[in-house]
Amino acid sequence: MDVFLQTLVAGVLKGGLYALIGIGMTLIMGVMGIINLAHGQLMMLAMYVTFVLNTTGVDPYFSLFVAMPLLFLLGVSIQKFLLNPLIKADTILPENQVLMTVGIGMVLTEIIRFIFSSDYKYITSTYSNQTFFLGNISFSMALTIAFGIAITFTVAMFFFLIKTDLGRSIRATAQDKDAATLMGVNTGRITVITFGMGAGLVAAAGVLLAPVYYIFPDLGGPFTAKAFIITILGGLGSTVGAIFGGVTLGLAESMGATYFGMEYEDIIGLTIFVLVLLFLPGGFKRLTKV
Amino acid sequence: MKKNLLPLAVAGLVAALPLVMRDDYYLHLMILFMMWVVIGSAWNLIAGYTGQVSFGDAAFFGCGAYTAGLLAHHLGVSTWWGLALGGFTAIAVGLPFGWICFRMRGAYFALATLALNEVLRHGATIAEKFTGGMVGILIMPSFMSKIPYYYIALAMAVASIASLRWVVRSKPGYYFVSIREDQDAAESLGIDTHLYKMLALAYAAFWTGIAGALYMNYMGFIDPTVVFNLHDISIMAILVGIVGGVGTVYGPAVGAFVMVTVQELFRSGFFGLFKWLGDVSGSSNLAKVAEVLTQAHVLGFGILVVLVILILPNGIVGDWPKIRKRVFRLDAGA
């Protein structure tokens with residue numbers, strides 16, 4: 001029983017981080033209808049920002065205030081100078097934007113590899129290895145903090161989208177771009193802001209993950225895949241769905257790792273992905289209607 | 001007839017090439033080029049003509065390569081059986097996948113192909129007893145000389161282009177294009193879009209699988225990270241298609257030539273130009289540049305993706321009128 005509970009706790013804690021990764025993706029996907037295949041690479045970039053700051057003695061969690069604005073600006077420029085011009089281009093394949101994000105992801109990975117080489121880096125902080133116990137269940141300090149911050153961001157994001165004017169404009173653009181334009185929403189600007197916010201959110205996830213994970217250039221790809229699976233699980237453009245999706249994936253991975261073996265971790269995620277697409281197209285959003 | 005003249009002349013030239021040039025290095029590049037013509041043409045049918053962009057060509061490539069490798073490894077038969085059977089294995093993997101995943105559209109399908117490749121790669125890594133896992137499969141090449149491989153690859157390249165040409169001018173070819181342009185309209189006109197998408201996928205899987213089997217025979221070594229590689233196989237296939245021209249018959253051939261050249265330029269540090277310059281001038285900086293360039297081929301790919309999509313979204317063949325117009329304008333201005 002203890003093993004089960006321990007796995008459950010580990011899965012939920014990991015799920016909180018996954019939710020944060022997924023929200024950025026789901027926003028971009030919902031508003032622009034494109035899949036950002038450079039999402040994990042943006043997170044990797046934020047982790048390296050944290051790493052560099054940490055070598056100069058900055059606390060990893062303080063890097064949130066540096067990494068998030070930086071990645072926001074990067075996201076804004078990507079959308080403005082690389083993705084938006086493609087909408088006007090006359091091409092046969094509508095997937096050009098997706099391909100473009102693949103190219104951006106490759107460029108980011110390789111630039112980082114140039115600067116830092118492919119070596120694994122670690123961030124050493126006082127709480128990286130700390131744990132505390134509730135009963136027989138151990139909680140990783142860093143993951144618990146990360147979970148707390150991730151949930152805060154997620155809830156803040158939810159209210160931002162529901163209550164504020166900008167949030168309403170974003171949701172309007174996601175629902176129907178043409179109608180939003182007719183209602184006076186500057187949809188071009190909204191897409192730029194949304195991509196920036198998505199990048200900022202995934203940067204937060206990267207900073208929170210940095211103290212408990214290795215940092216290496218190729219880390220982006222697997223996390224892009226995870227973000228995508230979470231988004232599909234949750235349903236496009238749904239923040240609540242992204243939370244459910246993140247926790248589900250976190251749980252499935254840790255359960256799979258405990259009961260099947262570590263090497264099956266990634267396959268389990270992909271299997272869930274295909275199963276959800278087949279039996280629940282539209283994701284959890286369809287069940288909750290939020 | 002006039003339209004066929006240029007491709008026929010090029011094919012003739014390529015066939016005559018080994019008579020005058022016997023340098024193994026250039027023959028090797030030509031063999032790779034012809035292998036990419038096959039893969040690029042296959043990608044162009046499923047993505048360029050049918051509009052179902054595949055990010056997972058490596059899955060079929062790997063199926064073909066592992067068919068050849070495993071046959072030799074377990075049954076001890078010649079790896080050349082792979083050339084006959086590899087394509088069918090790829091179809092056997094592709095059809096159930098397509099049956100499930102073709103209900104997804106556009107980018108979702110693209111991601112499903114990505115997932116297929118990942119599953120196969122993990123599968124091939126985990127099933128160590130059967131596939132050798134990360135150790136891979138090593139075979140003895142059948143020929144010492146590169147000439148036989150050269151002509152086999154050439155025959156495959158010509159056959160793949162000819163079959164692509166034949167398919168896109170047949171009735172299903174027009175169905176494919178109609179699915180790309182508007183799937184709902186095609187459906188309402190009575191075209192079984194699901195069936196025709198499966199046919200296009202089977203075609204692409206078949207040729208990509210055969211190319212994979214050729215790779216096994218020629219290179220003599222495979223492991224999961226080599227053949228199920230996202231960057232070096234799947235993305236390269238997309239680039240070959242896009243650089244050459246999406247939805248054109250001869251585009252992939254042009255694209256394959258450009259991409260193999262670019263890849264080799266980076267890999268060899270611009271054919272040793274910078275190293276040579278460094279040696280001549282005695283400057284250690286230039287030698288350093290050569291070293292950096294050699295490591296940068298994926299970066300070069302990435303930048304190329306970005307530039308090509310921004311400037312030539314329809315590829316060299318597809319945007320040829322545009323290129324010509326621009327060049328003429330430049331001439332007139334100067």
# chains A, B, ... in the order shown; residues from 1 in each chain; ligands from 1

$ closest_atom_pairs --of "chain B" --to "chain A" --cutoff "7 Å" --atoms "only C-alpha atoms" --output "CSV"
residue,atom,partner,partner_atom,distance
B:Gly51,CA,A:Leu93,CA,6.7
B:Ala107,CA,A:Glu95,CA,6.5
B:Ala115,CA,A:Leu270,CA,6.5
B:Val119,CA,A:Ile267,CA,6.2
B:Val298,CA,A:Glu110,CA,6.8
B:Leu299,CA,A:Val107,CA,5.2
B:Gly302,CA,A:Gly103,CA,4.4
B:Ile303,CA,A:Val107,CA,6.4
B:Val305,CA,A:Gly103,CA,5.3
B:Val306,CA,A:Gly103,CA,5.7
B:Ile309,CA,A:Asn96,CA,6.8
B:Leu310,CA,A:Leu86,CA,6.8
B:Pro313,CA,A:Thr91,CA,5.9
B:Asn314,CA,A:Thr91,CA,6.0

$ write_last_selection --atoms "all heavy atoms" --output "compact mmCIF listing (two decimals), in the first residue's frame"
# COMPACT_ATOMS: atom_id res chain seq x y z
N GLY B 51 -1.60 15.76 -49.10
CA GLY B 51 -1.76 16.76 -48.07
C GLY B 51 -1.72 16.23 -46.65
O GLY B 51 -2.05 16.92 -45.71
N ALA B 107 -2.37 18.73 -38.77
CA ALA B 107 -1.24 18.65 -37.86
C ALA B 107 -1.38 17.49 -36.88
O ALA B 107 -0.38 16.94 -36.42
CB ALA B 107 -1.11 19.96 -37.10
N ALA B 115 4.53 10.08 -33.22
CA ALA B 115 4.36 9.13 -32.13
C ALA B 115 4.68 7.71 -32.61
O ALA B 115 5.34 6.95 -31.89
CB ALA B 115 2.95 9.20 -31.59
N VAL B 119 7.34 5.20 -30.88
CA VAL B 119 6.98 3.88 -30.35
C VAL B 119 7.89 2.81 -30.95
O VAL B 119 8.43 1.95 -30.25
CB VAL B 119 5.50 3.56 -30.65
CG1 VAL B 119 5.20 2.10 -30.38
CG2 VAL B 119 4.60 4.43 -29.82
N VAL B 298 23.27 20.03 -37.90
CA VAL B 298 21.86 20.09 -37.51
C VAL B 298 21.40 21.54 -37.41
O VAL B 298 20.30 21.89 -37.81
CB VAL B 298 21.62 19.36 -36.17
CG1 VAL B 298 20.16 19.43 -35.81
CG2 VAL B 298 22.06 17.93 -36.27
N LEU B 299 22.31 22.40 -36.91
CA LEU B 299 21.99 23.83 -36.85
C LEU B 299 21.72 24.36 -38.26
O LEU B 299 20.76 25.08 -38.50
CB LEU B 299 23.14 24.59 -36.20
CG LEU B 299 22.98 26.11 -36.13
CD1 LEU B 299 21.80 26.46 -35.25
CD2 LEU B 299 24.23 26.76 -35.60
N GLY B 302 18.36 23.37 -39.37
CA GLY B 302 17.33 24.17 -38.74
C GLY B 302 17.17 25.51 -39.42
O GLY B 302 16.07 25.94 -39.75
N ILE B 303 18.31 26.18 -39.65
CA ILE B 303 18.26 27.49 -40.30
C ILE B 303 17.69 27.35 -41.70
O ILE B 303 16.89 28.16 -42.15
CB ILE B 303 19.67 28.12 -40.32
CG1 ILE B 303 20.11 28.41 -38.89
CG2 ILE B 303 19.68 29.39 -41.14
CD1 ILE B 303 21.52 28.90 -38.77
N VAL B 305 15.52 25.13 -42.74
CA VAL B 305 14.07 24.96 -42.64
C VAL B 305 13.41 26.33 -42.55
O VAL B 305 12.48 26.66 -43.29
CB VAL B 305 13.68 24.15 -41.38
CG1 VAL B 305 12.17 24.05 -41.27
CG2 VAL B 305 14.28 22.78 -41.41
N VAL B 306 13.94 27.15 -41.63
CA VAL B 306 13.33 28.46 -41.41
C VAL B 306 13.39 29.30 -42.68
O VAL B 306 12.39 29.88 -43.11
CB VAL B 306 14.07 29.17 -40.25
CG1 VAL B 306 13.58 30.59 -40.09
CG2 VAL B 306 13.85 28.41 -38.95
N ILE B 309 11.14 27.95 -45.68
CA ILE B 309 9.70 28.18 -45.49
C ILE B 309 9.37 29.65 -45.67
O ILE B 309 8.34 30.01 -46.21
CB ILE B 309 9.26 27.68 -44.11
CG1 ILE B 309 9.40 26.16 -44.05
CG2 ILE B 309 7.82 28.05 -43.83
CD1 ILE B 309 9.14 25.59 -42.70
N LEU B 310 10.29 30.53 -45.23
CA LEU B 310 10.01 31.97 -45.36
C LEU B 310 10.11 32.43 -46.81
O LEU B 310 9.31 33.24 -47.28
CB LEU B 310 10.99 32.77 -44.51
CG LEU B 310 10.63 32.97 -43.04
CD1 LEU B 310 11.70 33.78 -42.35
CD2 LEU B 310 9.29 33.67 -42.91
N PRO B 313 8.38 28.96 -50.11
CA PRO B 313 7.47 27.98 -49.50
C PRO B 313 7.08 26.85 -50.44
O PRO B 313 6.67 25.80 -49.98
CB PRO B 313 6.27 28.82 -49.08
CG PRO B 313 6.37 30.08 -49.86
CD PRO B 313 7.80 30.30 -50.15
N ASN B 314 7.21 27.03 -51.74
CA ASN B 314 6.83 25.95 -52.65
C ASN B 314 8.03 25.23 -53.26
O ASN B 314 7.88 24.45 -54.19
CB ASN B 314 5.93 26.48 -53.76
CG ASN B 314 4.58 26.86 -53.21
OD1 ASN B 314 4.08 26.21 -52.30
ND2 ASN B 314 4.01 27.92 -53.74

$ residues_around --residues "A:Val192" --least-positions-apart "6" --cutoff "12 Å" --atoms "only C-alpha atoms" --output "list in words"
Leu27, Ile28, Val31, Met32, Phe72, Leu73, Leu74, Gly75, Val76, Ser77, Ile78, Gln79, Lys80, Phe81, Leu82, Leu83, Asn84, Pro85, Ile170, Thr173, Asn186, Gly198 and Ala199 of chain A

$ select_by_dssp --residues "stretch 85-189 of chain A" --states "strand (DSSP E)" --output "number ranges by chain"
A: 131-134, 137-140

$ residues_around --residues "A:Phe51" --least-positions-apart "3" --cutoff "8 Å" --atoms "only C-alpha atoms" --output "list in words"
Met47, Tyr48, Asn54, Thr55, Pro60, Lys121, Tyr122, Ile123 and Ala210 of chain A

$ write_last_selection --atoms "C-alpha atoms" --output "PDB file, in the first residue's frame"
ATOM      1  CA  MET A  47      16.511  25.726 -17.687  1.00  0.00           C
ATOM      2  CA  TYR A  48      19.825  26.932 -19.079  1.00  0.00           C
ATOM      3  CA  ASN A  54      22.815  29.571 -10.512  1.00  0.00           C
ATOM      4  CA  THR A  55      26.543  29.457 -11.312  1.00  0.00           C
ATOM      5  CA  PRO A  60      16.937  28.813  -8.721  1.00  0.00           C
ATOM      6  CA  LYS A 121      24.519  19.901 -16.075  1.00  0.00           C
ATOM      7  CA  TYR A 122      23.137  19.941 -12.564  1.00  0.00           C
ATOM      8  CA  ILE A 123      21.897  22.702 -10.367  1.00  0.00           C
ATOM      9  CA  ALA A 210      15.707  22.690 -13.148  1.00  0.00           C
TER      10      ALA A 210
END

$ atom_distance --atom1 "atom CA of A:Gly11" --atom2 "atom CA of B:Asn117"
26.0 Å

$ closest_atom_pairs --of "stretch 135-187 of chain B" --to "stretch 221-244 of chain B" --cutoff "9 Å" --atoms "only C-alpha atoms" --output "JSON lines"
{"residue": "B:Val135", "atom": "CA", "partner": "B:Asp223", "partner_atom": "CA", "distance": 6.5}
{"residue": "B:Gly136", "atom": "CA", "partner": "B:Asp223", "partner_atom": "CA", "distance": 3.9}
{"residue": "B:Ile137", "atom": "CA", "partner": "B:Ile222", "partner_atom": "CA", "distance": 5.5}
{"residue": "B:Leu138", "atom": "CA", "partner": "B:Phe221", "partner_atom": "CA", "distance": 4.5}
{"residue": "B:Ile139", "atom": "CA", "partner": "B:Phe221", "partner_atom": "CA", "distance": 6.4}
{"residue": "B:Met140", "atom": "CA", "partner": "B:Phe221", "partner_atom": "CA", "distance": 8.8}

$ residues_around --residues "B:Thr248" --least-positions-apart "5" --cutoff "8 Å" --atoms "only C-alpha atoms" --output "JSON, numbers by chain"
{"B": [44, 48, 317, 318]}

$ residues_around --residues "A:Leu53" --least-positions-apart "6" --cutoff "12 Å" --atoms "only C-alpha atoms" --output "list of chain:residue names"
A:Ala46, A:Met47, A:Asp59, A:Pro60, A:Tyr61, A:Phe62, A:Ser63, A:Leu64, A:Phe65, A:Val66, A:Ala67, A:Ile123, A:Thr124, A:Val207, A:Ala210

$ write_last_selection --atoms "N, CA and C atoms" --output "PDB file, in the first residue's frame"
ATOM      1  N   ALA A  46      14.919  27.979 -20.830  1.00  0.00           N
ATOM      2  CA  ALA A  46      14.696  28.547 -19.500  1.00  0.00           C
ATOM      3  C   ALA A  46      15.543  27.828 -18.461  1.00  0.00           C
ATOM      4  N   MET A  47      15.695  26.484 -18.639  1.00  0.00           N
ATOM      5  CA  MET A  47      16.511  25.726 -17.687  1.00  0.00           C
ATOM      6  C   MET A  47      17.962  26.176 -17.751  1.00  0.00           C
ATOM      7  N   ASP A  59      19.562  32.087  -6.460  1.00  0.00           N
ATOM      8  CA  ASP A  59      18.661  31.004  -6.084  1.00  0.00           C
ATOM      9  C   ASP A  59      17.825  30.584  -7.295  1.00  0.00           C
ATOM     10  N   PRO A  60      17.664  29.261  -7.527  1.00  0.00           N
ATOM     11  CA  PRO A  60      16.937  28.813  -8.721  1.00  0.00           C
ATOM     12  C   PRO A  60      15.547  29.433  -8.836  1.00  0.00           C
ATOM     13  N   TYR A  61      14.833  29.552  -7.725  1.00  0.00           N
ATOM     14  CA  TYR A  61      13.464  30.048  -7.851  1.00  0.00           C
ATOM     15  C   TYR A  61      13.416  31.532  -8.166  1.00  0.00           C
ATOM     16  N   PHE A  62      14.503  32.254  -7.839  1.00  0.00           N
ATOM     17  CA  PHE A  62      14.539  33.667  -8.170  1.00  0.00           C
ATOM     18  C   PHE A  62      14.645  33.844  -9.685  1.00  0.00           C
ATOM     19  N   SER A  63      15.222  32.856 -10.366  1.00  0.00           N
ATOM     20  CA  SER A  63      15.378  32.963 -11.828  1.00  0.00           C
ATOM     21  C   SER A  63      14.049  33.083 -12.546  1.00  0.00           C
ATOM     22  N   LEU A  64      12.962  32.724 -11.849  1.00  0.00           N
ATOM     23  CA  LEU A  64      11.637  32.899 -12.460  1.00  0.00           C
ATOM     24  C   LEU A  64      11.476  34.318 -12.985  1.00  0.00           C
ATOM     25  N   PHE A  65      11.998  35.288 -12.221  1.00  0.00           N
ATOM     26  CA  PHE A  65      11.793  36.688 -12.588  1.00  0.00           C
ATOM     27  C   PHE A  65      12.658  37.095 -13.778  1.00  0.00           C
ATOM     28  N   VAL A  66      13.663  36.288 -14.083  1.00  0.00           N
ATOM     29  CA  VAL A  66      14.506  36.583 -15.238  1.00  0.00           C
ATOM     30  C   VAL A  66      14.056  35.758 -16.443  1.00  0.00           C
ATOM     31  N   ALA A  67      13.872  34.458 -16.204  1.00  0.00           N
ATOM     32  CA  ALA A  67      13.593  33.549 -17.320  1.00  0.00           C
ATOM     33  C   ALA A  67      12.240  33.838 -17.962  1.00  0.00           C
ATOM     34  N   ILE A 123      21.969  21.528 -11.237  1.00  0.00           N
ATOM     35  CA  ILE A 123      21.897  22.702 -10.367  1.00  0.00           C
ATOM     36  C   ILE A 123      21.947  22.199  -8.945  1.00  0.00           C
ATOM     37  N   THR A 124      22.891  22.722  -8.200  1.00  0.00           N
ATOM     38  CA  THR A 124      22.978  22.292  -6.814  1.00  0.00           C
ATOM     39  C   THR A 124      22.378  23.387  -5.946  1.00  0.00           C
ATOM     40  N   VAL A 207      12.105  26.490 -15.085  1.00  0.00           N
ATOM     41  CA  VAL A 207      12.820  26.948 -13.893  1.00  0.00           C
ATOM     42  C   VAL A 207      12.503  26.043 -12.713  1.00  0.00           C
ATOM     43  N   ALA A 210      14.244  22.675 -13.112  1.00  0.00           N
ATOM     44  CA  ALA A 210      15.707  22.690 -13.148  1.00  0.00           C
ATOM     45  C   ALA A 210      16.381  22.095 -11.898  1.00  0.00           C
TER      46      ALA A 210
END

$ residues_around --residues "stretch 245-255 of chain A" --least-positions-apart "6" --cutoff "7 Å" --atoms "only C-alpha atoms" --output "VMD selection string"
chain A and resid 7 to 8 10 to 12 14 to 16 18 to 19 22 230 to 231 233 to 234 265 268 to 269

$ write_last_selection --atoms "C-alpha atoms" --output "compact mmCIF listing (two decimals), in the first residue's frame"
# COMPACT_ATOMS: atom_id res chain seq x y z
CA THR A 7 3.77 6.38 -6.50
CA LEU A 8 0.53 8.32 -6.34
CA ALA A 10 5.14 11.29 -6.96
CA GLY A 11 2.77 11.20 -9.92
CA VAL A 12 0.60 14.07 -8.69
CA LYS A 14 5.07 15.62 -11.33
CA GLY A 15 1.62 16.22 -12.78
CA GLY A 16 1.54 19.75 -11.37
CA TYR A 18 3.25 18.92 -16.46
CA ALA A 19 0.10 21.00 -16.13
CA GLY A 22 0.63 21.95 -20.93
CA ILE A 230 -1.22 16.75 -22.11
CA THR A 231 -2.95 19.16 -24.46
CA LEU A 233 -5.71 14.75 -23.00
CA GLY A 234 -7.10 18.00 -21.66
CA GLU A 265 7.69 5.28 -19.15
CA ILE A 268 2.90 4.57 -21.73
CA GLY A 269 2.52 8.28 -22.48

$ closest_residue --among "B:Tyr151, B:Phe61, B:Phe266, B:Gly245" --to "B:Leu17" --atoms "only C-alpha atoms"
B:Tyr151

$ atom_distance --atom1 "atom CA of B:Met219" --atom2 "atom CA of B:Ala84"
17.5 Å

$ residues_around --residues "B:Phe130" --least-positions-apart "5" --cutoff "9 Å" --atoms "only C-alpha atoms" --output "MDAnalysis selection string"
chainID B and resid 70 74 124

$ write_last_selection --atoms "N, CA, C and O atoms" --output "PDB file, in the first residue's frame"
ATOM      1  N   LEU B  70      17.065  -8.101 -39.700  1.00  0.00           N
ATOM      2  CA  LEU B  70      16.627  -9.215 -38.853  1.00  0.00           C
ATOM      3  C   LEU B  70      16.568 -10.514 -39.640  1.00  0.00           C
ATOM      4  O   LEU B  70      16.881 -11.577 -39.108  1.00  0.00           O
ATOM      5  N   HIS B  74      18.573 -13.482 -38.016  1.00  0.00           N
ATOM      6  CA  HIS B  74      17.922 -14.635 -37.403  1.00  0.00           C
ATOM      7  C   HIS B  74      17.860 -15.835 -38.327  1.00  0.00           C
ATOM      8  O   HIS B  74      18.036 -16.966 -37.895  1.00  0.00           O
ATOM      9  N   ALA B 124      12.179  -1.051 -30.616  1.00  0.00           N
ATOM     10  CA  ALA B 124      13.395  -1.680 -31.121  1.00  0.00           C
ATOM     11  C   ALA B 124      14.497  -1.635 -30.070  1.00  0.00           C
ATOM     12  O   ALA B 124      15.362  -2.513 -30.019  1.00  0.00           O
TER      13      ALA B 124
END
